[in-house]
$ cat model_21.cif   # mmCIF, C-alpha atoms
data_data
#
loop_
_atom_site.label_atom_id
_atom_site.label_comp_id
_atom_site.auth_asym_id
_atom_site.auth_seq_id
_atom_site.Cartn_x
_atom_site.Cartn_y
_atom_site.Cartn_z
CA MET O 1 198.54 43.30 47.53
CA ALA O 2 198.55 42.53 51.26
CA ASP O 3 195.43 41.05 52.83
CA PRO O 4 193.12 43.64 54.36
CA VAL O 5 194.09 44.20 57.97
CA ALA O 6 190.75 44.38 59.73
CA VAL O 7 187.17 45.43 59.39
CA THR O 8 187.03 49.01 60.56
CA LEU O 9 183.72 48.78 62.32
CA ASP O 10 184.79 51.46 64.77
CA ALA O 11 186.18 53.79 62.13
CA ASP O 12 185.10 57.42 62.10
CA PRO O 13 182.22 57.36 59.58
CA MET O 14 183.33 60.73 58.25
CA VAL O 15 186.85 59.61 57.35
CA PRO O 16 187.27 57.93 53.96
CA VAL O 17 189.19 54.67 53.87
CA PRO O 18 191.56 54.21 50.90
CA TYR O 19 190.62 51.60 48.30
CA GLU O 20 192.54 50.73 45.15
CA VAL O 21 191.04 50.16 41.71
CA VAL O 22 192.09 46.61 40.80
CA ALA O 23 189.91 46.18 37.70
CA ARG O 24 187.64 48.25 35.53
CA ARG O 25 185.29 47.57 32.64
CA ALA O 26 182.97 49.68 30.54
CA LEU O 27 179.31 48.71 30.92
CA SER O 28 178.01 51.24 28.38
CA ASP O 29 179.13 54.48 26.76
CA ASP O 30 178.85 56.36 30.05
CA THR O 31 178.86 53.73 32.78
CA THR O 32 181.98 52.07 34.18
CA SER O 33 182.37 49.31 36.70
CA LEU O 34 185.30 49.57 39.12
CA THR O 35 186.46 46.70 41.32
CA LEU O 36 187.85 48.22 44.51
CA ALA O 37 190.08 46.45 47.00
CA PRO O 38 190.98 47.80 50.44
CA ALA O 39 194.40 49.44 50.41
CA GLY O 40 194.58 49.02 54.19
CA PRO O 41 191.83 48.35 56.69
CA ARG O 42 188.57 47.32 55.06
CA LEU O 43 185.10 48.59 55.67
CA ALA O 44 182.28 46.43 56.99
CA ASP O 45 180.39 44.31 54.45
CA ALA O 46 177.45 46.07 52.85
CA ARG O 47 174.03 44.55 52.30
CA PRO O 48 172.34 44.88 48.87
CA GLY O 49 170.66 48.25 48.64
CA GLN O 50 173.05 50.04 51.01
CA PHE O 51 175.45 52.67 49.73
CA PHE O 52 178.98 53.93 50.16
CA MET O 53 180.26 57.48 49.86
CA LEU O 54 182.94 57.44 47.17
CA TRP O 55 185.56 60.18 47.32
CA ALA O 56 187.62 61.28 44.34
CA PRO O 57 190.51 63.08 46.05
CA GLY O 58 190.58 66.74 45.15
CA VAL O 59 187.23 66.58 43.35
CA GLY O 60 184.48 65.55 45.73
CA GLU O 61 182.34 62.79 47.17
CA ILE O 62 179.09 61.15 46.03
CA PRO O 63 176.87 58.29 47.22
CA ILE O 64 177.05 55.11 45.16
CA SER O 65 174.99 52.02 45.91
CA LEU O 66 176.72 48.73 46.51
CA GLY O 67 177.27 46.90 43.25
CA VAL O 68 178.51 43.47 44.23
CA ALA O 69 180.61 42.47 47.23
CA GLY O 70 183.65 40.37 46.39
CA PRO O 71 186.20 38.36 48.36
CA GLY O 72 188.63 40.02 50.76
CA GLY O 73 186.49 43.08 51.23
CA GLN O 74 186.42 43.92 47.53
CA VAL O 75 183.44 45.81 46.18
CA GLU O 76 182.38 46.31 42.59
CA GLU O 77 180.89 49.73 42.04
CA SER O 78 179.23 50.88 38.82
CA ILE O 79 179.32 54.59 38.15
CA ARG O 80 177.57 56.60 35.47
CA ALA O 81 179.68 59.61 34.47
CA VAL O 82 177.28 62.54 34.59
CA GLY O 83 179.03 65.12 36.79
CA ALA O 84 182.48 66.21 37.92
CA VAL O 85 182.84 63.65 40.71
CA SER O 86 181.33 60.71 38.87
CA ARG O 87 183.52 61.50 35.85
CA ALA O 88 186.63 61.61 38.06
CA LEU O 89 185.71 58.34 39.76
CA SER O 90 184.93 56.67 36.43
CA ALA O 91 188.27 57.78 35.04
CA THR O 92 190.32 56.37 37.93
CA PRO O 93 192.80 53.93 36.37
CA VAL O 94 193.74 50.50 37.68
CA GLY O 95 196.16 51.15 40.53
CA GLY O 96 194.55 54.49 41.34
CA ARG O 97 193.03 55.13 44.73
CA ILE O 98 189.72 56.49 45.87
CA GLY O 99 188.23 56.89 49.35
CA LEU O 100 185.23 55.02 50.71
CA ARG O 101 182.96 55.62 53.68
CA GLY O 102 180.15 53.38 54.76
CA PRO O 103 178.23 51.26 54.26
CA PHE O 104 175.20 53.37 55.07
CA GLY O 105 171.43 53.12 54.98
CA THR O 106 168.76 50.47 54.70
CA SER O 107 168.83 47.44 52.40
CA TRP O 108 166.48 45.41 50.21
CA ASP O 109 164.42 43.04 52.34
CA LEU O 110 164.60 39.88 50.26
CA ASP O 111 163.38 37.72 53.12
CA ALA O 112 160.05 39.56 53.01
CA ALA O 113 159.48 37.90 49.63
CA VAL O 114 160.05 34.30 50.73
CA GLY O 115 157.08 32.16 49.70
CA ARG O 116 155.75 34.97 47.50
CA HIS O 117 156.24 36.28 43.99
CA LEU O 118 159.28 38.53 43.77
CA LEU O 119 159.22 41.32 41.21
CA LEU O 120 162.35 43.39 40.62
CA VAL O 121 161.97 46.46 38.41
CA ALA O 122 164.98 48.52 37.34
CA GLY O 123 165.30 51.56 35.12
CA GLY O 124 168.60 52.72 33.63
CA VAL O 125 171.46 52.60 36.14
CA GLY O 126 168.85 51.60 38.73
CA LEU O 127 169.84 48.05 37.82
CA VAL O 128 173.14 48.61 39.67
CA PRO O 129 171.66 48.83 43.20
CA LEU O 130 169.11 46.14 42.39
CA ARG O 131 171.58 43.70 40.85
CA PRO O 132 172.97 42.26 44.11
CA ALA O 133 169.39 41.53 45.20
CA VAL O 134 168.71 39.84 41.85
CA LEU O 135 171.90 37.80 42.14
CA ASP O 136 170.91 36.66 45.63
CA ALA O 137 167.36 35.91 44.52
CA VAL O 138 168.23 33.79 41.47
CA GLU O 139 170.61 31.72 43.59
CA ARG O 140 167.74 30.89 45.94
CA ALA O 141 164.94 30.96 43.38
CA SER O 142 163.14 28.04 45.03
CA ASP O 143 162.45 30.28 48.03
CA PHE O 144 160.01 32.28 45.92
CA ARG O 145 156.83 31.43 44.01
CA GLY O 146 158.43 33.05 40.99
CA ILE O 147 160.86 35.81 40.15
CA GLY O 148 160.18 38.55 37.60
CA VAL O 149 162.90 40.93 36.53
CA VAL O 150 161.81 43.94 34.47
CA VAL O 151 164.51 46.21 33.12
CA GLY O 152 164.06 49.45 31.19
CA ALA O 153 166.62 51.59 29.43
CA ARG O 154 166.80 54.31 26.83
CA THR O 155 168.20 52.14 24.02
CA PRO O 156 169.42 48.54 23.74
CA GLY O 157 173.00 49.83 23.99
CA ASP O 158 172.21 51.40 27.35
CA LEU O 159 171.09 48.13 28.92
CA LEU O 160 173.60 47.14 31.58
CA PHE O 161 174.74 43.60 32.38
CA GLN O 162 173.16 42.14 29.25
CA ASP O 163 174.94 38.79 29.65
CA GLU O 164 173.56 38.47 33.14
CA LEU O 165 170.05 39.40 32.00
CA THR O 166 170.22 36.55 29.50
CA ASP O 167 171.58 34.18 32.14
CA TRP O 168 168.90 35.09 34.68
CA GLY O 169 166.15 34.59 32.11
CA GLU O 170 167.35 31.05 31.44
CA ARG O 171 167.06 30.05 35.10
CA PRO O 172 163.97 28.04 36.08
CA GLY O 173 161.37 30.17 37.82
CA VAL O 174 162.89 33.42 36.59
CA GLN O 175 161.20 35.62 33.97
CA VAL O 176 163.17 38.55 32.52
CA VAL O 177 161.48 41.29 30.49
CA THR O 178 163.54 44.05 28.90
CA THR O 179 162.15 47.18 27.33
CA VAL O 180 163.70 50.31 25.83
CA ASP O 181 162.42 53.73 24.84
CA HIS O 182 163.97 53.64 21.37
CA ALA O 183 165.03 50.75 19.15
CA ASP O 184 164.88 49.44 15.62
CA ARG O 185 163.58 46.13 14.29
CA ALA O 186 166.81 44.35 15.18
CA TRP O 187 165.99 44.65 18.88
CA HIS O 188 164.51 41.47 20.36
CA GLY O 189 162.96 42.98 23.47
CA HIS O 190 160.07 45.37 23.91
CA VAL O 191 159.75 49.05 23.07
CA GLY O 192 157.96 51.16 25.65
CA VAL O 193 158.26 52.22 29.26
CA VAL O 194 158.48 49.72 32.10
CA THR O 195 154.89 50.26 33.20
CA GLU O 196 153.73 48.92 29.81
CA VAL O 197 155.42 45.55 30.31
CA LEU O 198 154.63 44.91 33.97
CA ASP O 199 151.54 42.95 32.95
CA LEU O 200 153.74 40.50 31.06
CA VAL O 201 155.11 39.18 34.35
CA ASP O 202 153.18 36.29 35.87
CA LEU O 203 152.36 37.14 39.46
CA ASP O 204 149.66 37.04 42.07
CA PRO O 205 149.38 40.72 43.09
CA ALA O 206 148.24 40.05 46.64
CA ARG O 207 151.21 37.74 47.18
CA THR O 208 153.93 39.78 45.55
CA THR O 209 156.86 41.66 46.98
CA ALA O 210 158.34 44.22 44.57
CA MET O 211 161.65 46.05 44.60
CA VAL O 212 161.98 49.07 42.33
CA CYS O 213 165.01 51.19 41.53
CA GLY O 214 165.47 53.87 38.91
CA PRO O 215 164.77 57.53 38.32
CA GLU O 216 162.35 58.82 40.94
CA VAL O 217 159.54 59.56 38.51
CA MET O 218 159.86 56.07 37.06
CA MET O 219 159.57 54.54 40.53
CA ARG O 220 156.49 56.65 41.15
CA PHE O 221 154.80 55.43 37.96
CA VAL O 222 155.76 51.81 38.66
CA ALA O 223 154.48 51.95 42.25
CA GLN O 224 151.20 53.45 41.05
CA ALA O 225 150.89 50.81 38.32
CA LEU O 226 151.51 48.02 40.84
CA ASP O 227 149.00 49.60 43.21
CA GLY O 228 146.49 49.60 40.35
CA ARG O 229 147.19 45.94 39.74
CA GLY O 230 146.55 45.12 43.38
CA VAL O 231 150.04 44.86 44.85
CA PRO O 232 149.88 46.46 48.32
CA LEU O 233 152.18 49.51 48.49
CA ALA O 234 153.56 48.23 51.80
CA ASP O 235 155.01 45.33 49.78
CA VAL O 236 156.70 47.59 47.24
CA GLN O 237 160.22 48.67 48.18
CA LEU O 238 161.72 51.74 46.49
CA SER O 239 165.29 53.01 46.57
CA LEU O 240 165.22 56.77 47.08
CA GLU O 241 167.88 59.11 45.85
CA ARG O 242 168.65 62.47 47.41
CA ASN O 243 171.68 64.71 47.66
CA MET O 244 173.46 62.86 50.44
CA LYS O 245 176.53 64.56 51.90
CA CYS O 246 177.42 63.40 55.40
CA ALA O 247 175.49 60.09 55.09
CA ILE O 248 174.98 59.94 58.86
CA GLY O 249 171.97 62.20 59.35
CA HIS O 250 173.82 65.31 60.51
CA CYS O 251 173.92 67.69 57.57
CA GLY O 252 170.28 67.51 56.51
CA HIS O 253 170.98 67.60 52.76
CA CYS O 254 168.96 64.46 52.14
CA GLN O 255 166.01 65.30 54.34
CA ILE O 256 162.69 64.20 52.94
CA GLY O 257 159.58 64.78 54.99
CA GLY O 258 160.45 64.04 58.58
CA GLY O 259 163.36 61.73 57.81
CA PHE O 260 166.70 61.43 56.12
CA VAL O 261 167.30 59.28 53.08
CA CYS O 262 170.77 58.37 54.35
CA LEU O 263 169.39 56.94 57.60
CA ASP O 264 165.78 56.00 56.90
CA GLY O 265 166.53 54.97 53.32
CA PRO O 266 167.55 54.58 50.65
CA VAL O 267 165.25 51.55 50.62
CA VAL O 268 161.78 52.57 51.82
CA ALA O 269 158.35 50.96 51.46
CA ALA O 270 156.23 52.73 48.86
CA ASP O 271 153.34 53.36 51.24
CA ARG O 272 155.71 55.64 53.16
CA ALA O 273 157.68 56.96 50.21
CA LEU O 274 154.96 57.79 47.68
CA PRO O 275 153.32 60.62 49.65
CA LEU O 276 156.76 62.19 50.05
CA LEU O 277 157.62 61.83 46.35
CA GLN O 278 154.38 63.52 45.37
CA VAL O 279 155.31 66.69 47.30
CA ARG O 280 156.52 69.36 44.89
CA GLU O 281 159.87 70.93 45.64
CA ARG O 282 159.86 74.76 45.71
CA MET L 1 142.50 23.90 18.05
CA LYS L 2 140.49 25.66 20.75
CA PRO L 3 137.19 27.30 19.84
CA ILE L 4 137.28 31.09 19.48
CA PRO L 5 135.13 31.78 22.60
CA GLU L 6 137.66 29.86 24.67
CA LEU L 7 140.56 31.78 23.15
CA LEU L 8 138.83 35.06 23.98
CA ALA L 9 138.03 33.90 27.52
CA GLU L 10 141.74 33.25 28.10
CA HIS L 11 142.68 36.79 27.09
CA PRO L 12 142.96 39.48 29.82
CA PHE L 13 140.91 41.98 27.80
CA PHE L 14 137.86 39.70 27.93
CA GLU L 15 138.39 38.44 31.47
CA GLY L 16 135.11 37.88 33.31
CA LEU L 17 132.80 38.49 30.34
CA PRO L 18 129.70 36.25 30.36
CA ALA L 19 129.75 33.29 27.99
CA ASP L 20 126.92 34.77 25.91
CA ASP L 21 128.90 37.95 25.29
CA LEU L 22 132.04 35.98 24.45
CA ALA L 23 130.06 33.87 22.01
CA ALA L 24 128.59 36.97 20.37
CA LEU L 25 132.03 38.50 19.86
CA ALA L 26 133.66 35.22 18.93
CA ALA L 27 131.20 34.87 16.05
CA CYS L 28 133.07 37.82 14.50
CA GLY L 29 136.47 36.19 14.90
CA GLU L 30 138.96 33.87 13.32
CA GLU L 31 142.39 32.68 14.36
CA VAL L 32 145.24 34.22 12.37
CA SER L 33 149.00 33.91 12.37
CA PHE L 34 151.85 35.98 10.95
CA GLY L 35 155.46 35.11 10.28
CA ALA L 36 158.29 37.24 11.65
CA GLY L 37 158.68 40.28 9.40
CA GLU L 38 155.18 40.06 7.98
CA VAL L 39 153.14 43.26 7.80
CA ILE L 40 149.81 42.92 9.62
CA PHE L 41 148.40 46.26 8.45
CA ARG L 42 149.63 49.45 6.82
CA GLU L 43 149.02 53.07 7.75
CA GLY L 44 146.10 54.65 5.89
CA THR L 45 144.39 51.38 5.03
CA PRO L 46 140.94 50.46 6.37
CA ALA L 47 141.00 49.49 10.04
CA ASP L 48 138.78 46.50 9.62
CA ARG L 49 139.96 44.22 12.41
CA MET L 50 140.66 44.11 16.11
CA TYR L 51 143.57 41.79 16.91
CA VAL L 52 143.56 39.88 20.17
CA LEU L 53 147.21 38.91 20.56
CA ARG L 54 147.83 35.38 21.84
CA ALA L 55 151.53 34.85 21.14
CA GLY L 56 154.46 36.68 19.58
CA ARG L 57 155.45 40.30 19.41
CA VAL L 58 154.18 43.08 17.16
CA GLY L 59 155.87 46.41 16.45
CA LEU L 60 153.98 49.59 15.62
CA GLU L 61 155.91 51.81 13.26
CA ILE L 62 155.61 55.30 11.80
CA HIS L 63 157.00 55.83 8.33
CA ALA L 64 158.07 59.30 7.19
CA LEU L 65 159.66 60.26 3.89
CA GLY L 66 163.43 60.49 4.12
CA ARG L 67 163.61 58.94 7.56
CA PRO L 68 164.02 55.35 8.67
CA ALA L 69 160.95 53.60 10.03
CA HIS L 70 160.41 54.60 13.65
CA LEU L 71 159.44 51.75 15.95
CA VAL L 72 156.98 53.44 18.32
CA THR L 73 156.08 50.56 20.59
CA THR L 74 155.78 46.81 20.80
CA LEU L 75 152.79 44.74 21.80
CA ALA L 76 152.85 41.18 23.07
CA ALA L 77 150.61 38.29 24.01
CA GLY L 78 147.81 39.42 26.30
CA GLU L 79 147.48 42.78 24.60
CA ILE L 80 145.15 44.24 21.98
CA LEU L 81 146.49 45.40 18.62
CA GLY L 82 144.54 48.19 16.99
CA ALA L 83 142.14 50.84 18.26
CA SER L 84 141.39 52.66 15.02
CA TRP L 85 138.70 50.14 14.09
CA LEU L 86 136.52 51.56 16.88
CA PHE L 87 136.42 55.20 15.80
CA PRO L 88 135.81 56.96 12.48
CA PRO L 89 137.40 57.25 9.97
CA TYR L 90 138.35 53.61 10.67
CA GLN L 91 141.82 53.90 9.20
CA TRP L 92 145.06 52.54 10.64
CA GLN L 93 147.34 55.29 11.93
CA PHE L 94 150.47 53.14 12.14
CA GLU L 95 152.03 50.17 10.43
CA ALA L 96 151.93 46.91 12.39
CA LEU L 97 154.68 44.41 11.82
CA ALA L 98 155.07 40.95 13.32
CA LEU L 99 158.52 41.05 14.93
CA ASP L 100 158.27 37.40 15.95
CA ALA L 101 155.94 34.64 14.81
CA THR L 102 152.61 35.91 16.05
CA THR L 103 149.18 34.40 16.58
CA ALA L 104 145.98 36.27 17.30
CA VAL L 105 142.24 36.18 17.10
CA ALA L 106 141.17 38.72 14.49
CA LEU L 107 137.70 40.12 15.09
CA ASP L 108 135.92 41.67 12.15
CA ALA L 109 135.48 45.34 13.05
CA GLY L 110 132.15 45.89 11.33
CA CYS L 111 130.73 42.76 12.93
CA VAL L 112 131.95 43.77 16.41
CA ARG L 113 130.63 47.33 16.08
CA ALA L 114 127.24 45.98 15.00
CA ARG L 115 127.08 43.70 18.04
CA LEU L 116 128.12 46.49 20.39
CA ASP L 117 125.44 48.76 18.86
CA ALA L 118 122.83 46.04 19.22
CA ASP L 119 123.75 45.32 22.86
CA PRO L 120 124.56 48.63 24.62
CA ALA L 121 125.41 46.84 27.88
CA LEU L 122 128.09 44.83 26.12
CA GLY L 123 129.08 47.93 24.16
CA TYR L 124 129.60 49.84 27.40
CA VAL L 125 131.80 47.13 28.87
CA VAL L 126 133.97 46.81 25.76
CA VAL L 127 134.31 50.56 25.25
CA GLN L 128 135.08 51.03 28.94
CA ARG L 129 137.85 48.44 28.71
CA PHE L 130 139.15 50.10 25.57
CA ALA L 131 139.12 53.47 27.31
CA ALA L 132 141.21 52.03 30.17
CA LEU L 133 143.63 50.56 27.65
CA LEU L 134 143.94 53.85 25.76
CA VAL L 135 144.44 55.83 28.97
CA LYS L 136 147.18 53.43 30.00
CA ARG L 137 148.88 53.89 26.62
CA LEU L 138 148.46 57.67 26.78
CA GLN L 139 150.01 57.77 30.25
CA ALA L 140 152.87 55.59 29.03
CA ALA L 141 153.44 57.91 26.07
CA ARG L 142 153.54 60.92 28.40
CA PHE L 143 155.87 59.04 30.75
CA ARG L 144 158.19 58.33 27.83
CA LEU L 145 158.25 62.02 26.91
CA LEU L 146 160.06 62.63 30.20
CA ASP L 147 163.09 60.77 28.82
CA VAL L 148 163.80 59.60 32.36
CA TYR L 149 167.00 57.81 31.41
CA GLY L 150 168.50 60.86 29.75
CA ASP L 151 171.53 62.77 30.99
CA GLY L 152 171.57 63.84 34.60
#

$ encode --input "model_21.cif" --output "structure tokens"
Amino acid sequence: MADPVAVTLDADPMVPVPYEVVARRALSDDTTSLTLAPAGPRLADARPGQFFMLWAPGVGEIPISLGVAGPGGQVEESIRAVGAVSRALSATPVGGRIGLRGPFGTSWDLDAAVGRHLLLVAGGVGLVPLRPAVLDAVERASDFRGIGVVVGARTPGDLLFQDELTDWGERPGVQVVTTVDHADRAWHGHVGVVTEVLDLVDLDPARTTAMVCGPEVMMRFVAQALDGRGVPLADVQLSLERNMKCAIGHCGHCQIGGGFVCLDGPVVAADRALPLLQVRER
Amino acid sequence: MKPIPELLAEHPFFEGLPADDLAALAACGEEVSFGAGEVIFREGTPADRMYVLRAGRVGLEIHALGRPAHLVTTLAAGEILGASWLFPPYQWQFEALALDATTAVALDAGCVRARLDADPALGYVVVQRFAALLVKRLQAARFRLLDVYGDG
């Protein structure tokens, strides 16, 4: 494949740029990782926590958080097949093309955790958007007083990136705790929800920066648990998920309170996000 | 080997308790250990101990005829195993199994209850901490009912 021509910083943000699937691997029964390479001009580099709009031609478009950025403008995106578009994207074979727009939105603020304890909490496919932040953090572990990674899933088979979880846990200064909702005796982690294992992580609450990604209700419970433990909500970053369509703040689909998740998020401090998440939708 | 009061003082459940109170409770305790796979207590048997977990991992299981054992939850160092010793009929509701080599301080339930009855101030503190622990577990159980990682 030819080298990507140029970064399309001036590209129309509403026009998808073609990318080719150059590799794919199954992460679990329903989650697939696609490595995408620019089939022409490449998009700007994304920061961990930002998202792209992925377009399955003839089917539709959905927001997917950055997985991992690779060389030459490649991006690795992990997609859980739960709807028509995500199923079509997941099924794209090597050599197939999909469209990308972006990157959009806010990113994890890892620098805010320098000199402090860093706690990263992921639930289910929430590990995908958090993973690039974890990868950055473990490579610069000495910048932090300690790193805790807490990962929850439904069953052991649903845990993503298990090799990496093991690898991270073997790094000095990094503590990894995994927990699942259902397991048998053969499972070597914990059984229970993520809030039950947060206390197993060594941290000084007043000097902790937390990053949380997962189902919205899970993030709510985790933020409340951290608040109860003494971690200031301003130091807890959440990744919000709403029905993003245009991704540039025009359509209003992702409006939450007085803002838009596509512009003001997805990564938002919990002191701002929690009051919005506690508003019932009608 | 550390004395029991010191072991209790190191445990989050007893954090900040005065030395006299720790000594009173520690007089009911002994250090115990279980090998991986060893049953700590069985459902329906007398709940005669409170286990202060210091190391390892314990699974709580429900057994039902015709079904495989259901692992309900796991408990680790820093947590308390067993609440049934505090309330009548003082019978274990689950089976506890050491999933890894596990060490704990086991406090004799009758002895602890007698000390809490004799010292209502201490009794209030311990029961209040137990209430917080049970509320946390109840909230977690309700959270798990949501099946947040399910389809969709």

$ interface_residues --input "model_21.cif" --of "chain L" --to "chain O" --cutoff "9 Å" --atoms "all atoms listed in the file" --output "list of chain:residue names"
L:Arg57, L:Gly59, L:Ala69, L:His70, L:Leu71, L:Val72, L:Thr73, L:Thr74, L:Leu75, L:Ala76, L:Ala77, L:Gly78, L:Leu99, L:Asp100, L:Lys136, L:Arg137, L:Ala140, L:Ala141, L:Phe143, L:Arg144, L:Leu146, L:Asp147, L:Val148, L:Tyr149, L:Gly150, L:Asp151, L:Gly152

$ closest_residue --input "model_21.cif" --among "L:Leu145, L:Ala19, L:Val125, L:Leu107" --to "L:Asp48" --atoms "only C-alpha atoms"
L:Leu107

$ residues_around --input "model_21.cif" --residues "L:Glu79" --least-positions-apart "6" --cutoff "12 Å" --atoms "all atoms listed in the file" --output "PDB file with C-alpha atoms, in the coordinates of the input"
ATOM      1  CA  GLU O 196     153.730  48.920  29.810  1.00  0.00           C
ATOM      2  CA  VAL O 197     155.420  45.550  30.310  1.00  0.00           C
ATOM      3  CA  LEU O 198     154.630  44.910  33.970  1.00  0.00           C
ATOM      4  CA  ASP O 199     151.540  42.950  32.950  1.00  0.00           C
ATOM      5  CA  LEU O 200     153.740  40.500  31.060  1.00  0.00           C
TER       6      LEU O 200
ATOM      7  CA  LEU L   8     138.830  35.060  23.980  1.00  0.00           C
ATOM      8  CA  GLU L  10     141.740  33.250  28.100  1.00  0.00           C
ATOM      9  CA  HIS L  11     142.680  36.790  27.090  1.00  0.00           C
ATOM     10  CA  PRO L  12     142.960  39.480  29.820  1.00  0.00           C
ATOM     11  CA  PHE L  13     140.910  41.980  27.800  1.00  0.00           C
ATOM     12  CA  PHE L  14     137.860  39.700  27.930  1.00  0.00           C
ATOM     13  CA  MET L  50     140.660  44.110  16.110  1.00  0.00           C
ATOM     14  CA  TYR L  51     143.570  41.790  16.910  1.00  0.00           C
ATOM     15  CA  VAL L  52     143.560  39.880  20.170  1.00  0.00           C
ATOM     16  CA  LEU L  53     147.210  38.910  20.560  1.00  0.00           C
ATOM     17  CA  ARG L  54     147.830  35.380  21.840  1.00  0.00           C
ATOM     18  CA  ALA L  55     151.530  34.850  21.140  1.00  0.00           C
ATOM     19  CA  GLY L  56     154.460  36.680  19.580  1.00  0.00           C
ATOM     20  CA  ARG L  57     155.450  40.300  19.410  1.00  0.00           C
ATOM     21  CA  VAL L  58     154.180  43.080  17.160  1.00  0.00           C
ATOM     22  CA  THR L 103     149.180  34.400  16.580  1.00  0.00           C
ATOM     23  CA  ALA L 104     145.980  36.270  17.300  1.00  0.00           C
ATOM     24  CA  VAL L 105     142.240  36.180  17.100  1.00  0.00           C
ATOM     25  CA  ARG L 129     137.850  48.440  28.710  1.00  0.00           C
ATOM     26  CA  PHE L 130     139.150  50.100  25.570  1.00  0.00           C
ATOM     27  CA  LEU L 133     143.630  50.560  27.650  1.00  0.00           C
ATOM     28  CA  LEU L 134     143.940  53.850  25.760  1.00  0.00           C
ATOM     29  CA  LYS L 136     147.180  53.430  30.000  1.00  0.00           C
ATOM     30  CA  ARG L 137     148.880  53.890  26.620  1.00  0.00           C
TER      31      ARG L 137
END

$ resolve_selection --input "model_21.cif" --expression "the PyMOL selection byres ((chain O and resi 93-101) around 8)" --output "VMD selection string"
chain O and resid 13 to 24 43 52 to 57 89 91 to 92 102 to 103

$ residues_around --input "model_21.cif" --residues "L:Ile40" --least-positions-apart "2" --cutoff "7 Å" --atoms "all atoms listed in the file" --output "CSV table (one decimal) with C-alpha atoms, in the coordinates of the input"
chain,number,residue,atom,x,y,z
L,38,GLU,CA,155.2,40.1,8.0
L,96,ALA,CA,151.9,46.9,12.4
L,97,LEU,CA,154.7,44.4,11.8
L,98,ALA,CA,155.1,41.0,13.3

$ axis_aligned_box --input "model_21.cif" --around "stretch 53-65 of chain O" --padding-each-side "8 Å" --output "lines of an AutoDock Vina configuration file"
center_x = 182.8
center_y = 59.4
center_z = 46.6
size_x = 31.6
size_y = 30.7
size_z = 22.5

$ resolve_selection --input "model_21.cif" --expression "the PyMOL selection byres ((chain O and resi 275-278) around 10)" --output "list of chain:residue names"
O:Glu216, O:Val217, O:Met219, O:Arg220, O:Leu240, O:Ile256, O:Gly257, O:Gly258, O:Ala270, O:Asp271, O:Arg272, O:Ala273, O:Leu274, O:Val279, O:Arg280, O:Glu281

$ residues_around --input "model_21.cif" --residues "O:Asp167" --least-positions-apart "5" --cutoff "12 Å" --atoms "all atoms listed in the file" --output "list in words"
Val134, Leu135, Val138, Glu139, Val149, Phe161, Gln162, Pro172, Val174, Gln175 and Val176 of chain O

$ closest_residue --input "model_21.cif" --among "O:Gln74, O:Ser90, O:Ser142, O:Ser239" --to "O:Leu27" --atoms "all atoms listed in the file"
O:Ser90

$ atom_distance --input "model_21.cif" --atom1 "atom CA of O:Thr31" --atom2 "atom CA of O:Leu159"
10.3 Å

$ atom_distance --input "model_21.cif" --atom1 "atom CA of O:His117" --atom2 "atom CA of O:Val268"
18.9 Å
